[in-house]
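Asker: File name coords24.txt; file contents compact mmCIF, C-alpha atoms; full text below.
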```
# COMPACT_ATOMS: atom_id res chain seq x y z
CA MET X 1 -176.51 83.07 4.84
CA GLU X 2 -174.12 80.65 6.47
CA ASN X 3 -172.90 77.74 4.37
CA GLU X 4 -175.15 74.79 5.01
CA PRO X 5 -173.62 71.43 5.89
CA ASN X 6 -174.72 68.55 3.69
CA THR X 7 -178.52 68.69 3.55
CA ASP X 8 -178.93 65.45 1.60
CA GLY X 9 -181.83 63.56 3.08
CA TRP X 10 -183.52 66.73 4.33
CA LEU X 11 -186.95 65.55 3.23
CA GLU X 12 -186.75 62.30 5.18
CA ASP X 13 -185.24 64.11 8.18
CA THR X 14 -188.14 66.57 8.11
CA ARG X 15 -190.72 63.79 7.89
CA THR X 16 -189.16 61.83 10.75
CA SER X 17 -188.74 64.91 12.94
CA TYR X 18 -192.36 65.99 12.61
CA ASP X 19 -193.64 62.46 13.08
CA THR X 20 -191.77 62.52 16.38
CA VAL X 21 -193.06 65.88 17.62
CA ALA X 22 -196.55 65.86 16.07
CA VAL X 23 -198.62 65.57 19.25
CA SER X 24 -196.52 68.03 21.26
CA TYR X 25 -196.38 70.46 18.34
CA ALA X 26 -200.16 70.41 17.95
CA ASP X 27 -200.62 71.10 21.65
CA GLN X 28 -198.27 74.09 21.54
CA VAL X 29 -199.68 75.80 18.45
CA ARG X 30 -203.38 74.88 18.69
CA ASN X 31 -204.56 78.30 19.96
CA LEU X 32 -201.75 80.44 18.59
CA LEU X 33 -203.98 82.34 16.18
CA ASP X 34 -205.84 83.72 19.23
CA GLU X 35 -202.61 85.61 20.02
CA THR X 36 -201.85 86.78 16.49
CA PRO X 37 -204.44 89.32 15.27
CA GLU X 38 -202.21 90.53 12.44
CA GLU X 39 -201.89 87.00 11.08
CA ARG X 40 -205.66 86.55 11.33
CA ALA X 41 -206.06 89.74 9.30
CA VAL X 42 -203.69 88.44 6.62
CA LEU X 43 -205.57 85.14 6.41
CA ALA X 44 -208.86 87.04 6.14
CA LEU X 45 -207.43 89.16 3.31
CA PHE X 46 -206.26 86.02 1.52
CA ALA X 47 -209.72 84.48 1.88
CA GLU X 48 -211.27 87.62 0.38
CA LEU X 49 -208.82 87.58 -2.53
CA VAL X 50 -209.57 83.93 -3.33
CA SER X 51 -213.30 84.65 -3.27
CA SER X 52 -213.02 87.79 -5.41
CA ARG X 53 -210.99 85.91 -8.02
CA GLY X 54 -213.53 83.17 -8.54
CA GLY X 55 -213.06 80.92 -5.54
CA GLY X 56 -212.00 77.31 -5.96
CA SER X 57 -210.15 74.89 -3.74
CA VAL X 58 -207.22 76.07 -1.62
CA ALA X 59 -204.37 73.78 -0.59
CA ASP X 60 -202.69 74.43 2.77
CA VAL X 61 -199.30 72.96 1.88
CA GLY X 62 -197.36 71.79 4.91
CA CYS X 63 -200.51 71.98 7.01
CA GLY X 64 -199.11 70.24 10.11
CA PRO X 65 -201.95 69.62 12.61
CA GLY X 66 -204.40 71.53 10.44
CA ARG X 67 -205.06 74.70 12.42
CA ILE X 68 -204.63 77.04 9.42
CA THR X 69 -206.73 74.76 7.22
CA ALA X 70 -209.51 74.82 9.81
CA HIS X 71 -209.30 78.60 10.20
CA LEU X 72 -209.59 79.09 6.45
CA ARG X 73 -212.66 76.87 6.43
CA GLU X 74 -214.18 79.10 9.11
CA LEU X 75 -213.54 82.03 6.76
CA GLY X 76 -215.55 80.29 4.05
CA VAL X 77 -212.61 78.97 2.03
CA ASP X 78 -212.79 75.48 0.47
CA ALA X 79 -209.48 74.55 2.08
CA PHE X 80 -207.79 71.20 2.57
CA GLY X 81 -204.40 70.25 4.01
CA ILE X 82 -201.34 68.45 2.67
CA ASP X 83 -198.40 67.42 4.82
CA LEU X 84 -195.25 65.33 4.52
CA SER X 85 -195.64 63.75 7.98
CA PRO X 86 -198.06 60.82 8.34
CA ARG X 87 -198.31 61.46 12.07
CA MET X 88 -199.19 65.12 11.49
CA ILE X 89 -201.96 64.04 9.13
CA GLU X 90 -203.29 61.69 11.82
CA VAL X 91 -203.32 64.52 14.37
CA ALA X 92 -204.99 66.91 11.89
CA ARG X 93 -207.75 64.40 11.19
CA ARG X 94 -208.18 63.80 14.92
CA ASP X 95 -208.40 67.50 15.78
CA HIS X 96 -210.50 68.50 12.77
CA PRO X 97 -212.80 65.60 11.91
CA GLY X 98 -214.65 66.02 8.66
CA LEU X 99 -211.95 68.15 7.02
CA ARG X 100 -209.77 66.82 4.23
CA PHE X 101 -206.10 66.11 4.92
CA GLU X 102 -203.77 64.27 2.56
CA LEU X 103 -200.23 62.94 2.73
CA GLY X 104 -197.96 64.63 0.22
CA SER X 105 -194.90 66.78 -0.43
CA MET X 106 -194.57 70.31 -1.76
CA THR X 107 -191.60 69.05 -3.78
CA ASP X 108 -193.93 66.86 -5.88
CA LEU X 109 -197.50 68.06 -5.50
CA ASP X 110 -200.03 65.45 -6.61
CA LEU X 111 -202.50 68.09 -7.84
CA GLY X 112 -203.75 68.79 -11.33
CA ASP X 113 -202.49 71.64 -13.46
CA CYS X 114 -204.43 74.87 -12.85
CA SER X 115 -206.66 73.05 -10.34
CA MET X 116 -206.33 75.34 -7.30
CA GLY X 117 -207.89 78.72 -6.62
CA GLY X 118 -205.24 79.40 -3.97
CA LEU X 119 -202.28 78.00 -2.09
CA VAL X 120 -200.98 78.65 1.42
CA ALA X 121 -197.55 77.73 2.77
CA TRP X 122 -197.67 78.93 6.38
CA TYR X 123 -194.16 78.67 7.86
CA SER X 124 -193.81 75.41 5.93
CA LEU X 125 -190.97 76.50 3.62
CA ILE X 126 -188.58 77.06 6.50
CA HIS X 127 -186.92 73.63 6.19
CA VAL X 128 -186.61 73.60 2.37
CA PRO X 129 -183.00 74.17 1.21
CA ASP X 130 -182.34 77.14 -1.06
CA ALA X 131 -181.56 74.84 -3.96
CA GLN X 132 -185.08 73.36 -3.82
CA ILE X 133 -187.15 76.54 -3.39
CA GLY X 134 -187.32 77.32 -7.11
CA SER X 135 -188.66 73.85 -7.90
CA VAL X 136 -191.26 74.12 -5.13
CA PHE X 137 -192.47 77.49 -6.46
CA LYS X 138 -192.76 76.05 -9.98
CA HIS X 139 -195.03 73.34 -8.56
CA PHE X 140 -197.10 76.05 -6.87
CA HIS X 141 -197.35 77.92 -10.17
CA ARG X 142 -198.32 74.79 -12.09
CA VAL X 143 -201.25 73.87 -9.85
CA LEU X 144 -202.65 77.39 -9.40
CA GLN X 145 -205.32 78.67 -11.72
CA PRO X 146 -204.33 81.75 -13.73
CA GLY X 147 -205.02 84.64 -11.38
CA GLY X 148 -204.84 82.35 -8.34
CA SER X 149 -203.51 83.67 -5.03
CA LEU X 150 -200.51 82.46 -3.04
CA LEU X 151 -199.89 83.25 0.63
CA LEU X 152 -196.50 82.55 2.17
CA SER X 153 -195.13 83.11 5.66
CA PHE X 154 -191.54 82.58 6.76
CA HIS X 155 -188.94 83.59 9.32
CA VAL X 156 -187.03 86.72 8.32
CA GLY X 157 -183.26 86.74 8.55
CA GLU X 158 -180.13 85.50 6.84
CA GLU X 159 -178.90 82.45 8.71
CA SER X 160 -179.60 78.73 8.70
CA LYS X 161 -179.51 76.80 11.95
CA LEU X 162 -179.72 73.09 12.69
CA LYS X 163 -182.58 72.33 15.08
CA THR X 164 -181.91 69.18 17.10
CA GLU X 165 -184.63 69.44 19.74
CA GLY X 166 -188.04 70.98 20.00
CA TYR X 167 -191.71 70.86 21.01
CA GLY X 168 -191.56 69.11 24.34
CA GLY X 169 -187.87 68.25 24.18
CA HIS X 170 -188.21 65.64 21.45
CA PRO X 171 -185.25 65.03 19.12
CA MET X 172 -185.35 66.69 15.71
CA LYS X 173 -182.97 67.05 12.78
CA VAL X 174 -184.09 69.92 10.58
CA TYR X 175 -182.48 73.08 9.30
CA LEU X 176 -184.43 76.25 10.00
CA HIS X 177 -183.75 78.69 7.17
CA ARG X 178 -184.39 82.40 7.71
CA ARG X 179 -184.69 84.44 4.54
CA ARG X 180 -184.93 88.01 3.30
CA HIS X 181 -187.97 89.34 1.49
CA SER X 182 -185.80 90.14 -1.54
CA GLN X 183 -184.74 86.49 -1.80
CA MET X 184 -188.29 85.21 -1.64
CA ILE X 185 -189.56 87.80 -4.12
CA GLY X 186 -186.79 86.93 -6.55
CA TRP X 187 -187.59 83.23 -6.40
CA LEU X 188 -191.30 83.93 -6.87
CA ASN X 189 -190.67 86.20 -9.86
CA ASP X 190 -188.48 83.54 -11.44
CA ALA X 191 -191.31 81.01 -11.03
CA GLY X 192 -193.85 83.26 -12.75
CA PHE X 193 -195.51 85.04 -9.84
CA THR X 194 -196.11 88.72 -9.20
CA VAL X 195 -195.82 89.74 -5.55
CA GLU X 196 -198.71 92.00 -4.57
CA ASP X 197 -197.87 92.67 -0.93
CA HIS X 198 -195.13 91.89 1.56
CA ARG X 199 -194.62 92.83 5.17
CA THR X 200 -192.81 91.86 8.36
CA LEU X 201 -194.76 91.11 11.54
CA THR X 202 -193.67 90.54 15.11
CA SER X 203 -196.06 88.37 17.09
CA ALA X 204 -196.53 85.12 18.95
CA GLU X 205 -196.26 83.37 15.58
CA SER X 206 -192.68 84.49 14.94
CA PRO X 207 -190.33 87.07 16.48
CA LEU X 208 -189.77 88.31 12.93
CA GLY X 209 -192.27 86.85 10.49
CA GLY X 210 -192.37 87.58 6.78
CA ILE X 211 -195.65 87.63 4.86
CA LEU X 212 -195.92 87.53 1.06
CA LEU X 213 -199.07 87.67 -1.06
CA ALA X 214 -198.51 86.77 -4.71
CA ARG X 215 -200.58 86.02 -7.76
CA ARG X 216 -200.22 83.87 -10.83
CA GLN X 217 -200.96 86.34 -13.58
CA PRO X 218 -203.77 85.41 -16.01
CA ASP X 219 -201.57 85.96 -19.06
CA GLN X 220 -198.87 83.56 -17.83
CA ALA X 221 -199.22 79.93 -18.84
CA ARG X 222 -195.86 78.42 -18.00
CA SER X 223 -195.94 75.09 -16.20
```
In structure tokens, how does this file's structure come out?
Answerer:
Amino acid sequence: MENEPNTDGWLEDTRTSYDTVAVSYADQVRNLLDETPEERAVLALFAELVSSRGGGSVADVGCGPGRITAHLRELGVDAFGIDLSPRMIEVARRDHPGLRFELGSMTDLDLGDCSMGGLVAWYSLIHVPDAQIGSVFKHFHRVLQPGGSLLLSFHVGEESKLKTEGYGGHPMKVYLHRRRHSQMIGWLNDAGFTVEDHRTLTSAESPLGGILLARRQPDQARS
């Protein structure tokens, strides 16, 4: 991976960028799952795993305008969304009235220990610097019930690139980090997860999208 320039302030840059593009972003991705049957299959598998392991609430972390949260609800999952961007939360509540969306950050999840039956981070780790990924995964581990399921998607590759414009031509300032499966699996193992499945998909969602299904093992109690 290329050396990253100074990424101090990345969290605020991400919040500001997605506040700026929220409406345009929602318009562009609203029906994307209609074009991504393989992703729908993965989400259905995740829903089945959560149900078979006792159910419970599922947090869609970095939910954006809420389309994945809403799809999981259609699959019978007790899902709710969390996002860093206040404007994204507004759009999610507008587009999916009656569903639960909360302001929050994956770097400091305001959720109880062992309180979640599952977690999803659907292309929402792509702006998190390498140095912060381990901490984020430890938060995921802390809030998941023993045996709980984790679903991650990300862009596959090795480079980081500064994104300065997007979604209708609006200004942005976020790094887009592409990562290898081996990197992600290593970070998950270090945080106390066992990866159960991983694959690479090419679709409307991502030219090269990585999928990881992991589980917090019942005999692990680290926090």
Asker: Given the choices X:Phe80, X:Phe137, X:Tyr123, X:Trp10, which gets closest to Leu208 (chain X) if the distance is worked out from all atoms listed in the file?
Answerer: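 Using all atoms listed in the file, the shortest distance to Leu208 (chain X) belongs to X:Tyr123.
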Asker: Restrict the calculation to only C-alpha atoms, then for each residue of region 136-174 of chain X with any atom at most 8 Å from an atom of region 44-54 of chain X give the closest atom pair and their distance in Å to one decimal, rows by chain and rising residue number, as a tab-separated table.
Answerer:
```
residue	atom	partner	partner_atom	distance
X:Gly147	CA	X:Arg53	CA	7.0
X:Gly148	CA	X:Val50	CA	7.1
X:Ser149	CA	X:Val50	CA	6.3
X:Leu151	CA	X:Phe46	CA	7.0
```
Asker: When distances are computed from all atoms listed in the file, which of X:Cys63, X:Leu188, X:Leu43, X:Asp110 shows the smallest separation from Val77 (chain X)?
Answerer: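 Closest to Val77 (chain X), using all atoms listed in the file: X:Leu43.
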Asker: CA of Leu99 (chain X) and CA of Leu72 (chain X) are how many Å apart?
Answerer: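 If I compute the distance from CA of Leu99 (chain X) to CA of Leu72 (chain X), I get 11.2 Å.
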Asker: For Gly55 (chain X), which of X:Leu119, X:Leu111, X:Asp19, X:Asp27 is the closest residue, counting all atoms listed in the file?
Answerer: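 Result for the nearest residue to Gly55 (chain X): X:Leu119.
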Asker: When you draw a straight line from CA of Asp8 (chain X) to CA of Gly134 (chain X), how long is it in Å?
Answerer: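 Atom-to-atom, CA of Asp8 (chain X) to CA of Gly134 (chain X), that is 16.9 Å.
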Asker: Could you tell me how far CA of Pro207 (chain X) sits from CA of Glu35 (chain X), in Å to one decimal place?
Answerer: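 It comes out at 12.9 Å.
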